$ cat query-v1.txt   # compact mmCIF, C-alpha atoms and all ligand atoms
# COMPACT_ATOMS: atom_id res chain seq x y z
CA MET A 1 217.43 133.20 39.51
CA LYS A 2 215.79 134.89 42.48
CA LYS A 3 212.45 133.24 43.07
CA ILE A 4 211.00 129.93 41.82
CA GLY A 5 207.64 128.17 41.92
CA VAL A 6 206.48 124.57 42.10
CA LEU A 7 203.19 122.96 41.14
CA THR A 8 201.68 119.48 40.88
CA SER A 9 199.42 118.73 37.91
CA GLY A 10 197.53 115.81 36.37
CA GLY A 11 196.59 112.84 38.57
CA ASP A 12 197.99 112.81 42.12
CA ALA A 13 200.76 110.30 42.77
CA PRO A 14 202.54 109.17 45.93
CA GLY A 15 205.94 110.88 45.98
CA MET A 16 204.70 114.27 44.75
CA ASN A 17 204.93 115.70 48.26
CA ALA A 18 208.36 114.18 48.72
CA ALA A 19 209.48 115.95 45.53
CA VAL A 20 208.02 119.27 46.75
CA MET A 21 209.93 118.84 49.99
CA ALA A 22 213.18 118.19 48.10
CA VAL A 23 212.54 121.26 45.94
CA ALA A 24 211.96 123.33 49.10
CA LYS A 25 215.13 122.09 50.78
CA SER A 26 217.22 122.76 47.69
CA ALA A 27 215.67 126.20 47.12
CA ALA A 28 216.48 127.05 50.75
CA LEU A 29 220.06 125.84 50.24
CA TYR A 30 220.52 128.15 47.24
CA GLY A 31 218.72 131.07 48.92
CA MET A 32 215.85 131.11 46.44
CA PRO A 33 212.36 131.90 47.83
CA LEU A 34 209.84 129.25 46.77
CA VAL A 35 206.16 129.72 45.92
CA GLY A 36 203.79 126.74 45.84
CA ILE A 37 201.16 127.09 43.11
CA LYS A 38 197.86 125.38 43.85
CA ARG A 39 195.68 123.08 41.77
CA GLY A 40 198.03 122.67 38.83
CA TYR A 41 198.09 125.45 36.28
CA ASN A 42 194.83 126.87 37.69
CA GLY A 43 196.77 128.70 40.40
CA LEU A 44 198.47 130.81 37.74
CA LEU A 45 195.28 132.09 36.15
CA ARG A 46 194.31 134.38 39.05
CA LYS A 47 190.65 133.44 38.92
CA SER A 48 190.32 133.04 42.69
CA THR A 49 189.23 135.90 44.91
CA SER A 50 192.13 135.47 47.32
CA LEU A 51 195.80 135.12 46.38
CA TYR A 52 196.26 132.49 49.09
CA ASP A 53 193.78 130.31 47.23
CA ASP A 54 196.15 130.28 44.27
CA MET A 55 199.59 130.25 45.80
CA GLU A 56 201.47 130.09 49.04
CA GLU A 57 205.02 130.81 50.08
CA LEU A 58 206.54 127.40 50.80
CA ARG A 59 208.87 127.62 53.75
CA LEU A 60 210.87 124.65 54.90
CA ASP A 61 208.91 124.31 58.13
CA THR A 62 205.67 124.13 56.09
CA VAL A 63 206.81 121.25 53.94
CA LEU A 64 209.04 119.19 56.20
CA ASP A 65 206.04 117.30 57.53
CA ILE A 66 204.42 116.49 54.19
CA ALA A 67 207.17 114.44 52.51
CA ASP A 68 205.86 111.02 53.51
CA ARG A 69 202.21 111.74 52.84
CA PRO A 70 200.40 110.43 49.78
CA GLY A 71 198.33 112.84 47.69
CA THR A 72 199.58 116.35 47.03
CA TYR A 73 199.64 119.15 49.57
CA LEU A 74 199.52 121.70 46.73
CA ARG A 75 196.39 120.02 45.31
CA THR A 76 196.07 119.12 41.67
CA ALA A 77 193.37 119.66 39.07
CA ARG A 78 192.78 119.73 35.38
CA CYS A 79 193.11 123.16 33.83
CA MET A 80 191.52 123.12 30.40
CA GLU A 81 192.19 126.85 29.92
CA PHE A 82 195.85 125.97 29.52
CA LEU A 83 195.14 124.58 26.07
CA ASP A 84 194.37 128.18 25.05
CA PRO A 85 197.40 130.40 24.25
CA ALA A 86 195.66 133.49 25.67
CA TRP A 87 195.33 131.85 29.10
CA ARG A 88 198.93 130.65 28.99
CA GLU A 89 199.91 134.29 28.45
CA VAL A 90 197.92 135.18 31.59
CA ALA A 91 199.85 132.49 33.48
CA ALA A 92 203.23 133.78 32.28
CA ASN A 93 202.24 137.34 33.23
CA THR A 94 201.21 136.17 36.71
CA LEU A 95 204.60 134.54 37.19
CA ARG A 96 206.41 137.66 35.98
CA ALA A 97 204.30 139.91 38.23
CA MET A 98 205.20 137.72 41.20
CA GLY A 99 208.90 137.79 40.29
CA ILE A 100 208.90 134.03 39.75
CA GLU A 101 211.49 133.25 37.09
CA GLY A 102 211.50 129.45 37.14
CA LEU A 103 208.93 126.73 37.66
CA VAL A 104 209.15 123.06 38.67
CA VAL A 105 206.20 121.14 37.17
CA ILE A 106 205.46 117.74 38.71
CA GLY A 107 203.06 115.77 36.51
CA GLY A 108 202.68 113.63 33.42
CA ASP A 109 203.01 114.25 29.69
CA GLY A 110 200.04 116.65 29.56
CA SER A 111 201.63 118.79 32.26
CA PHE A 112 204.94 118.71 30.39
CA HIS A 113 203.22 120.04 27.25
CA GLY A 114 201.97 122.97 29.34
CA ALA A 115 205.50 123.54 30.69
CA GLU A 116 206.94 123.54 27.18
CA TYR A 117 204.53 126.31 26.19
CA LEU A 118 205.49 128.34 29.27
CA CYS A 119 209.15 128.00 28.26
CA GLU A 120 208.26 129.58 24.90
CA LEU A 121 206.88 132.53 26.86
CA GLY A 122 210.19 133.00 28.66
CA ILE A 123 209.52 131.12 31.90
CA HIS A 124 212.22 128.61 32.82
CA CYS A 125 210.58 125.23 33.46
CA ILE A 126 211.80 121.84 34.65
CA GLY A 127 209.50 118.79 34.75
CA ILE A 128 209.50 115.92 37.23
CA PRO A 129 207.54 112.80 36.15
CA GLY A 130 204.71 112.31 38.64
CA THR A 131 202.15 109.68 37.65
CA ILE A 132 201.39 106.20 38.90
CA ASP A 133 200.87 105.00 35.31
CA ASN A 134 204.57 104.84 34.30
CA ASP A 135 203.49 105.90 30.83
CA LEU A 136 206.42 108.21 30.06
CA ALA A 137 208.79 106.63 27.57
CA TYR A 138 211.94 108.61 28.36
CA THR A 139 212.19 107.44 31.97
CA GLU A 140 212.46 104.04 33.62
CA MET A 141 210.25 105.17 36.49
CA THR A 142 207.74 107.83 37.40
CA LEU A 143 206.89 109.01 40.90
CA GLY A 144 204.13 106.89 42.37
CA TYR A 145 204.47 103.89 40.07
CA ASP A 146 206.44 101.75 42.51
CA THR A 147 204.04 102.62 45.34
CA ALA A 148 201.00 101.79 43.19
CA VAL A 149 202.49 98.44 42.16
CA ASN A 150 203.16 97.58 45.80
CA VAL A 151 199.54 98.34 46.70
CA CYS A 152 198.40 96.05 43.87
CA VAL A 153 200.77 93.28 44.91
CA ASN A 154 199.43 93.43 48.48
CA ALA A 155 195.88 93.42 47.12
CA VAL A 156 196.54 90.30 45.01
CA ARG A 157 198.17 88.56 47.94
CA ALA A 158 195.16 89.33 50.13
CA ILE A 159 192.74 88.20 47.41
CA ARG A 160 194.74 85.00 46.94
CA ALA A 161 193.96 83.99 50.50
CA THR A 162 190.25 83.91 49.74
CA SER A 163 190.74 82.50 46.20
CA ARG A 164 192.72 79.60 47.65
CA SER A 165 190.17 79.01 50.40
CA HIS A 166 187.28 78.77 47.95
CA ASP A 167 189.13 77.31 44.97
CA ARG A 168 187.86 80.01 42.66
CA PRO A 169 189.58 82.22 40.06
CA HIS A 170 189.70 85.99 40.59
CA VAL A 171 189.92 88.92 38.19
CA VAL A 172 191.89 91.83 39.70
CA GLU A 173 191.70 95.18 37.92
CA VAL A 174 194.50 97.70 38.41
CA MET A 175 195.04 101.27 37.14
CA GLY A 176 197.40 102.59 34.47
CA ARG A 177 195.10 104.28 31.91
CA HIS A 178 196.49 103.32 28.47
CA CYS A 179 199.60 101.74 29.96
CA GLY A 180 199.81 98.12 31.11
CA ASP A 181 202.94 98.46 33.26
CA ILE A 182 201.17 98.35 36.66
CA ALA A 183 199.29 95.23 35.55
CA LEU A 184 202.33 93.49 34.11
CA THR A 185 204.61 94.18 37.09
CA THR A 186 201.85 93.19 39.51
CA ALA A 187 201.30 89.94 37.59
CA VAL A 188 205.01 89.12 37.52
CA SER A 189 205.45 89.95 41.21
CA THR A 190 202.56 87.76 42.30
CA GLY A 191 202.91 84.86 39.87
CA ALA A 192 199.49 85.61 38.37
CA GLU A 193 198.42 83.12 35.71
CA ILE A 194 196.98 85.61 33.20
CA VAL A 195 197.60 89.31 32.52
CA LEU A 196 195.74 91.58 30.10
CA VAL A 197 196.99 94.99 29.00
CA PRO A 198 195.98 97.65 26.47
CA GLU A 199 199.19 97.16 24.48
CA VAL A 200 198.39 93.59 23.36
CA PRO A 201 195.20 92.51 21.55
CA TRP A 202 193.30 89.66 23.20
CA SER A 203 189.94 87.94 23.06
CA VAL A 204 187.55 86.65 25.70
CA GLU A 205 187.54 83.19 24.10
CA GLU A 206 191.32 82.96 24.23
CA VAL A 207 191.39 83.94 27.95
CA ALA A 208 188.65 81.39 28.70
CA ASP A 209 190.80 78.77 26.90
CA ARG A 210 193.79 79.65 29.05
CA LEU A 211 191.72 79.55 32.21
CA ASN A 212 190.32 76.17 31.18
CA GLN A 213 193.87 74.90 30.72
CA GLN A 214 194.67 75.99 34.29
CA ILE A 215 191.53 74.26 35.57
CA ALA A 216 192.46 71.09 33.64
CA LYS A 217 195.83 71.18 35.42
CA GLY A 218 194.00 71.28 38.78
CA ASN A 219 194.50 75.01 39.39
CA TYR A 220 191.03 76.31 40.29
CA ARG A 221 192.24 79.61 41.75
CA ALA A 222 194.07 81.41 38.97
CA THR A 223 194.60 85.15 39.27
CA ILE A 224 193.78 87.21 36.19
CA VAL A 225 195.33 90.68 36.47
CA VAL A 226 193.75 93.18 34.08
CA ALA A 227 194.81 96.75 33.35
CA GLU A 228 191.95 99.25 33.44
CA GLY A 229 192.71 100.05 29.79
CA CYS A 230 192.72 96.43 28.61
CA TRP A 231 189.15 96.65 27.29
CA GLU A 232 190.41 98.88 24.46
CA SER A 233 192.47 95.98 23.03
CA MET A 234 189.74 93.34 23.47
CA ALA A 235 188.37 91.70 20.31
CA PRO A 236 184.63 92.44 19.82
CA PHE A 237 182.48 90.23 22.03
CA ASP A 238 178.68 90.23 22.30
CA MET A 239 178.46 90.29 26.08
CA TYR A 240 174.75 91.13 26.05
CA THR A 241 173.73 88.06 24.03
CA PHE A 242 176.16 85.75 25.81
CA LEU A 243 175.19 86.66 29.37
CA ASN A 244 171.45 86.84 28.75
CA SER A 245 171.47 83.47 27.05
CA HIS A 246 173.39 82.04 30.03
CA GLY A 247 170.91 83.24 32.63
CA LYS A 248 172.61 86.47 33.67
CA ARG A 249 170.72 89.73 33.17
CA CYS A 250 172.75 92.22 31.19
CA TYR A 251 171.69 95.45 29.50
CA GLU A 252 172.21 96.29 25.85
CA GLY A 253 175.02 98.78 25.34
CA GLU A 254 176.40 98.15 28.84
CA PRO A 255 180.18 98.55 28.80
CA ILE A 256 182.33 95.57 29.72
CA SER A 257 183.84 95.67 33.21
CA SER A 258 185.84 93.33 35.45
CA LEU A 259 182.59 92.29 37.10
CA ARG A 260 181.02 91.35 33.77
CA PHE A 261 184.23 89.72 32.56
CA ALA A 262 184.29 87.50 35.67
CA SER A 263 180.65 86.54 34.97
CA ILE A 264 181.52 85.57 31.41
CA LEU A 265 184.54 83.48 32.45
CA LYS A 266 182.49 81.73 35.11
CA ARG A 267 180.04 80.61 32.44
CA MET A 268 182.61 79.82 29.76
CA CYS A 269 184.73 77.75 32.16
CA GLY A 270 181.91 76.06 34.06
CA MET A 271 183.14 77.36 37.43
CA VAL A 272 180.84 77.80 40.44
CA GLU A 273 182.22 81.29 40.87
CA VAL A 274 184.74 83.68 39.32
CA ARG A 275 185.03 86.83 41.41
CA SER A 276 186.41 90.27 40.63
CA THR A 277 188.00 93.13 42.56
CA VAL A 278 188.91 96.61 41.35
CA VAL A 279 191.88 97.85 43.38
CA GLY A 280 190.93 101.41 42.46
CA TYR A 281 192.05 104.59 44.19
CA THR A 282 193.79 102.82 47.05
CA GLN A 283 196.67 102.65 44.53
CA ARG A 284 197.22 106.35 45.03
CA GLY A 285 196.67 106.43 48.76
CA GLU A 286 199.73 104.79 50.28
CA GLN A 287 202.85 106.41 51.65
CA PRO A 288 205.50 106.48 48.90
CA THR A 289 207.86 103.50 48.89
CA ALA A 290 211.55 104.06 49.57
CA ARG A 291 212.20 103.80 45.82
CA ASP A 292 209.68 106.53 44.99
CA SER A 293 210.84 108.77 47.85
CA ALA A 294 214.48 108.41 46.89
CA PHE A 295 213.72 109.31 43.27
CA ALA A 296 211.64 112.29 44.46
CA PHE A 297 214.56 113.50 46.56
CA GLU A 298 217.10 113.35 43.75
CA ALA A 299 214.72 114.70 41.11
CA GLY A 300 213.60 117.62 43.30
CA HIS A 301 217.15 118.62 44.01
CA LEU A 302 218.27 118.34 40.37
CA ALA A 303 215.30 120.42 39.21
CA VAL A 304 216.29 123.32 41.47
CA ARG A 305 219.96 123.03 40.56
CA LEU A 306 219.09 123.26 36.86
CA LEU A 307 216.95 126.36 37.43
CA ARG A 308 219.73 127.92 39.51
CA ASP A 309 222.14 127.32 36.63
CA GLY A 310 219.77 128.92 34.11
CA ILE A 311 218.91 125.61 32.40
CA SER A 312 215.31 125.31 31.19
CA ASN A 313 212.89 123.25 29.08
CA GLN A 314 214.08 119.94 30.56
CA VAL A 315 212.49 116.97 32.32
CA ILE A 316 214.08 114.72 34.86
CA GLY A 317 214.01 110.96 34.55
CA MET A 318 215.77 107.72 35.39
CA ARG A 319 218.00 105.98 32.85
CA ASP A 320 220.12 102.90 33.59
CA GLY A 321 219.30 103.45 37.25
CA GLN A 322 220.71 107.00 37.25
CA VAL A 323 218.76 110.25 37.56
CA TYR A 324 219.30 112.34 34.43
CA TYR A 325 217.64 115.11 32.40
CA THR A 326 216.66 115.58 28.80
CA SER A 327 214.72 118.20 26.82
CA ILE A 328 210.93 118.19 27.16
CA ASP A 329 210.67 117.81 23.42
CA THR A 330 212.89 114.71 23.30
CA ALA A 331 211.04 113.21 26.27
CA LEU A 332 207.62 113.70 24.70
CA GLN A 333 208.72 112.18 21.39
CA ALA A 334 210.25 109.04 22.91
CA GLU A 335 208.47 105.77 22.08
CA ARG A 336 207.47 103.64 25.01
CA PRO A 337 208.77 100.09 24.84
CA PHE A 338 206.37 97.42 26.12
CA ARG A 339 207.92 94.36 27.79
CA ARG A 340 206.25 91.92 25.42
CA ALA A 341 208.52 88.98 26.26
CA LEU A 342 207.60 89.28 29.93
CA TYR A 343 203.92 89.51 29.04
CA ASP A 344 204.17 86.35 26.95
CA LEU A 345 206.03 84.57 29.73
CA VAL A 346 203.32 85.32 32.34
CA ASN A 347 200.62 84.13 29.99
CA SER A 348 202.43 80.96 29.05
CA LEU A 349 203.50 79.57 32.43
P1 LIG B 1 199.15 114.43 33.01
O1 LIG B 1 200.05 115.61 33.25
O2 LIG B 1 199.20 113.44 34.12
O3 LIG B 1 199.35 113.82 31.64
P2 LIG B 1 196.73 115.70 31.99
O4 LIG B 1 196.86 115.14 30.63
O5 LIG B 1 195.39 115.77 32.65
O6 LIG B 1 197.65 114.95 33.07
O7 LIG B 1 197.34 117.17 31.94
C1 LIG B 1 197.43 117.98 33.09
C2 LIG B 1 197.24 119.41 32.72
O8 LIG B 1 198.29 119.83 31.85
C3 LIG B 1 195.97 119.72 31.96
O9 LIG B 1 194.84 119.87 32.81
C4 LIG B 1 196.33 121.03 31.32
O10 LIG B 1 196.28 122.10 32.26
C5 LIG B 1 197.80 120.81 30.96
N1 LIG B 1 197.91 120.32 29.58
C6 LIG B 1 197.67 119.07 29.12
N2 LIG B 1 197.86 118.99 27.79
C7 LIG B 1 198.23 120.21 27.37
C8 LIG B 1 198.57 120.78 26.10
N3 LIG B 1 198.55 120.07 24.97
N4 LIG B 1 198.89 122.09 26.08
C9 LIG B 1 198.92 122.84 27.20
N5 LIG B 1 198.61 122.36 28.43
C10 LIG B 1 198.27 121.08 28.53
$ encode --input "query-v1.txt" --output "structure tokens" --more "lines below"
Ligand code: ADP
Amino acid sequence: MKKIGVLTSGGDAPGMNAAVMAVAKSAALYGMPLVGIKRGYNGLLRKSTSLYDDMEELRLDTVLDIADRPGTYLRTARCMEFLDPAWREVAANTLRAMGIEGLVVIGGDGSFHGAEYLCELGIHCIGIPGTIDNDLAYTEMTLGYDTAVNVCVNAVRAIRATSRSHDRPHVVEVMGRHCGDIALTTAVSTGAEIVLVPEVPWSVEEVADRLNQQIAKGNYRATIVVAEGCWESMAPFDMYTFLNSHGKRCYEGEPISSLRFASILKRMCGMVEVRSTVVGYTQRGEQPTARDSAFAFEAGHLAVRLLRDGISNQVIGMRDGQVYYTSIDTALQAERPFRRALYDLVNSL
């Protein structure tokens, strides 16, 4: 293999740059020129007026400084055209015209689907899991997850200081899309009293009961960690009627949020205040932790070694603490286990 490319796709995640740096170092070691493709698959569609807008030769001295930075130097973006076979053909032709024979795709399951299609068109592809959500079943970790959890843990610790001072409960919302792993690990790491995730059905009444039990025990400052996707597993609740009849203005059809949830709990539990904080995009903005950086280093190197050896259509992951690879197809079909026992433990202590 003479020349390879690398791109980041899907949501940005701390550790993506570290993986690009490892890819660049390994490509340099094997004497393979490396092209960085910008804004996910968009950079392959040649819709920009200048080539530099779409891709850039990645030399070692360009990337050595980016490894520790959050975000992605190559940029990332959705590319809806990639769902269309005709556009994927354009992408494969661009790669062929540039002499790029192999591609490292750093992203989540959507990005891996795109890579699988490119493999069918004769482009060798290797995927590296890059998403803070940890929603890929075939791997024990994804780049950015550990960093995001650490941000959330620090946020909860900081919030605890004020919760303790005022003796009031606090709802803390963390990211993860349809996956509750960030919430669960954050809850376990901080000793939160309640955790809510999309994987397990729950009801407002039942959470208010649990909070009331804490209050009865003299704990007026419980932490309730909620995953951003937890509303999808919530039993129907007429927030509009409840809040308006309890003196809080609420609009019909308004979606539930952490802020509204805190308002409801305050009224159901007779507290003076229940506050809420959404940790939000700070979860993506920290330098990668040592764990994420180390995984990025090994994964980046393995990806290039596989391409050098003519191996394609694979994704890299972590299994039993070891970096390994498996076919994209197997990875995408794997079923994600949810740590239900741990969830039950948090909610029962
Ligand atoms: P993630 O990779 O984190 O799951 P997305 O689901 O947004 O993020 O996917 C990233 C990109 O991957 C999409 O913008 C699109 O370019 C490509 N992609 C996603 N799903 C498919 C698919 N089914 N077929 C081809 N390309 C896809």
$ closest_residue --input "query-v1.txt" --among "A:Met21, A:Met98, A:Ala13, A:Cys250" --to "ligand LIG 1 (chain B)" --atoms "all atoms listed in the file"
A:Ala13
$ residues_near_ligand --input "query-v1.txt" --ligand "ligand LIG 1 (chain B)" --cutoff "6 Å" --atoms "only C-alpha atoms and all ligand atoms" --output "count of residues only"
17
$ atom_distance --input "query-v1.txt" --atom1 "CA of Leu259 in chain A" --atom2 "CA of Gly218 in chain A"
24.0 Å
$ closest_residue --input "query-v1.txt" --among "A:Ile182, A:Ile4, A:Ala22, A:Ala67" --to "Gly36 in chain A" --atoms "all atoms listed in the file"
A:Ile4
$ closest_residue --input "query-v1.txt" --among "A:Ile194, A:Val207, A:Ala299, A:Val226" --to "Leu345 in chain A" --atoms "all atoms listed in the file"
A:Ile194
$ atom_distance --input "query-v1.txt" --atom1 "CA of Asn150 in chain A" --atom2 "CA of Gln214 in chain A"
25.9 Å
$ atom_distance --input "query-v1.txt" --atom1 "CA of Ala294 in chain A" --atom2 "CA of Val323 in chain A"
10.4 Å
$ build_atoms --input "query-v1.txt" --residues "range 149-165 of chain A" --atoms "N, CA, C and O atoms" --output "PDB file, in the frame of the given file"
ATOM      1  N   VAL A 149     202.271  99.867  42.411  1.00  0.00           N
ATOM      2  CA  VAL A 149     202.490  98.440  42.160  1.00  0.00           C
ATOM      3  C   VAL A 149     202.480  97.680  43.500  1.00  0.00           C
ATOM      4  O   VAL A 149     201.884  96.607  43.611  1.00  0.00           O
ATOM      5  N   ASN A 150     203.123  98.258  44.497  1.00  0.00           N
ATOM      6  CA  ASN A 150     203.160  97.580  45.800  1.00  0.00           C
ATOM      7  C   ASN A 150     201.768  97.432  46.409  1.00  0.00           C
ATOM      8  O   ASN A 150     201.460  96.414  47.036  1.00  0.00           O
ATOM      9  N   VAL A 151     200.924  98.445  46.219  1.00  0.00           N
ATOM     10  CA  VAL A 151     199.540  98.340  46.700  1.00  0.00           C
ATOM     11  C   VAL A 151     198.846  97.182  45.978  1.00  0.00           C
ATOM     12  O   VAL A 151     198.147  96.362  46.588  1.00  0.00           O
ATOM     13  N   CYS A 152     199.057  97.101  44.664  1.00  0.00           N
ATOM     14  CA  CYS A 152     198.400  96.050  43.870  1.00  0.00           C
ATOM     15  C   CYS A 152     198.916  94.663  44.270  1.00  0.00           C
ATOM     16  O   CYS A 152     198.139  93.706  44.343  1.00  0.00           O
ATOM     17  N   VAL A 153     200.206  94.569  44.510  1.00  0.00           N
ATOM     18  CA  VAL A 153     200.770  93.280  44.910  1.00  0.00           C
ATOM     19  C   VAL A 153     200.154  92.843  46.242  1.00  0.00           C
ATOM     20  O   VAL A 153     199.738  91.687  46.408  1.00  0.00           O
ATOM     21  N   ASN A 154     200.055  93.777  47.185  1.00  0.00           N
ATOM     22  CA  ASN A 154     199.430  93.430  48.480  1.00  0.00           C
ATOM     23  C   ASN A 154     197.969  93.040  48.293  1.00  0.00           C
ATOM     24  O   ASN A 154     197.473  92.121  48.953  1.00  0.00           O
ATOM     25  N   ALA A 155     197.289  93.743  47.374  1.00  0.00           N
ATOM     26  CA  ALA A 155     195.880  93.420  47.120  1.00  0.00           C
ATOM     27  C   ALA A 155     195.758  91.999  46.570  1.00  0.00           C
ATOM     28  O   ALA A 155     194.923  91.206  47.024  1.00  0.00           O
ATOM     29  N   VAL A 156     196.605  91.652  45.594  1.00  0.00           N
ATOM     30  CA  VAL A 156     196.540  90.300  45.010  1.00  0.00           C
ATOM     31  C   VAL A 156     196.842  89.251  46.072  1.00  0.00           C
ATOM     32  O   VAL A 156     196.167  88.224  46.152  1.00  0.00           O
ATOM     33  N   ARG A 157     197.842  89.546  46.901  1.00  0.00           N
ATOM     34  CA  ARG A 157     198.170  88.560  47.940  1.00  0.00           C
ATOM     35  C   ARG A 157     196.978  88.353  48.879  1.00  0.00           C
ATOM     36  O   ARG A 157     196.677  87.227  49.278  1.00  0.00           O
ATOM     37  N   ALA A 158     196.311  89.434  49.226  1.00  0.00           N
ATOM     38  CA  ALA A 158     195.160  89.330  50.130  1.00  0.00           C
ATOM     39  C   ALA A 158     194.014  88.565  49.441  1.00  0.00           C
ATOM     40  O   ALA A 158     193.357  87.711  50.050  1.00  0.00           O
ATOM     41  N   ILE A 159     193.815  88.858  48.167  1.00  0.00           N
ATOM     42  CA  ILE A 159     192.740  88.200  47.410  1.00  0.00           C
ATOM     43  C   ILE A 159     193.039  86.710  47.260  1.00  0.00           C
ATOM     44  O   ILE A 159     192.150  85.874  47.329  1.00  0.00           O
ATOM     45  N   ARG A 160     194.330  86.394  47.079  1.00  0.00           N
ATOM     46  CA  ARG A 160     194.740  85.000  46.940  1.00  0.00           C
ATOM     47  C   ARG A 160     194.284  84.146  48.127  1.00  0.00           C
ATOM     48  O   ARG A 160     193.917  82.988  47.972  1.00  0.00           O
ATOM     49  N   ALA A 161     194.328  84.754  49.306  1.00  0.00           N
ATOM     50  CA  ALA A 161     193.960  83.990  50.500  1.00  0.00           C
ATOM     51  C   ALA A 161     192.528  83.476  50.356  1.00  0.00           C
ATOM     52  O   ALA A 161     192.245  82.305  50.619  1.00  0.00           O
ATOM     53  N   THR A 162     191.646  84.339  49.890  1.00  0.00           N
ATOM     54  CA  THR A 162     190.250  83.910  49.740  1.00  0.00           C
ATOM     55  C   THR A 162     190.080  83.031  48.497  1.00  0.00           C
ATOM     56  O   THR A 162     189.323  82.058  48.512  1.00  0.00           O
ATOM     57  N   SER A 163     190.823  83.342  47.415  1.00  0.00           N
ATOM     58  CA  SER A 163     190.740  82.500  46.200  1.00  0.00           C
ATOM     59  C   SER A 163     191.142  81.068  46.520  1.00  0.00           C
ATOM     60  O   SER A 163     190.502  80.110  46.074  1.00  0.00           O
ATOM     61  N   ARG A 164     192.226  80.934  47.278  1.00  0.00           N
ATOM     62  CA  ARG A 164     192.720  79.600  47.650  1.00  0.00           C
ATOM     63  C   ARG A 164     191.682  78.872  48.496  1.00  0.00           C
ATOM     64  O   ARG A 164     191.395  77.702  48.291  1.00  0.00           O
ATOM     65  N   SER A 165     191.111  79.635  49.460  1.00  0.00           N
ATOM     66  CA  SER A 165     190.170  79.010  50.400  1.00  0.00           C
ATOM     67  C   SER A 165     188.945  78.459  49.679  1.00  0.00           C
ATOM     68  O   SER A 165     188.379  77.448  50.075  1.00  0.00           O
TER      69      SER A 165
END
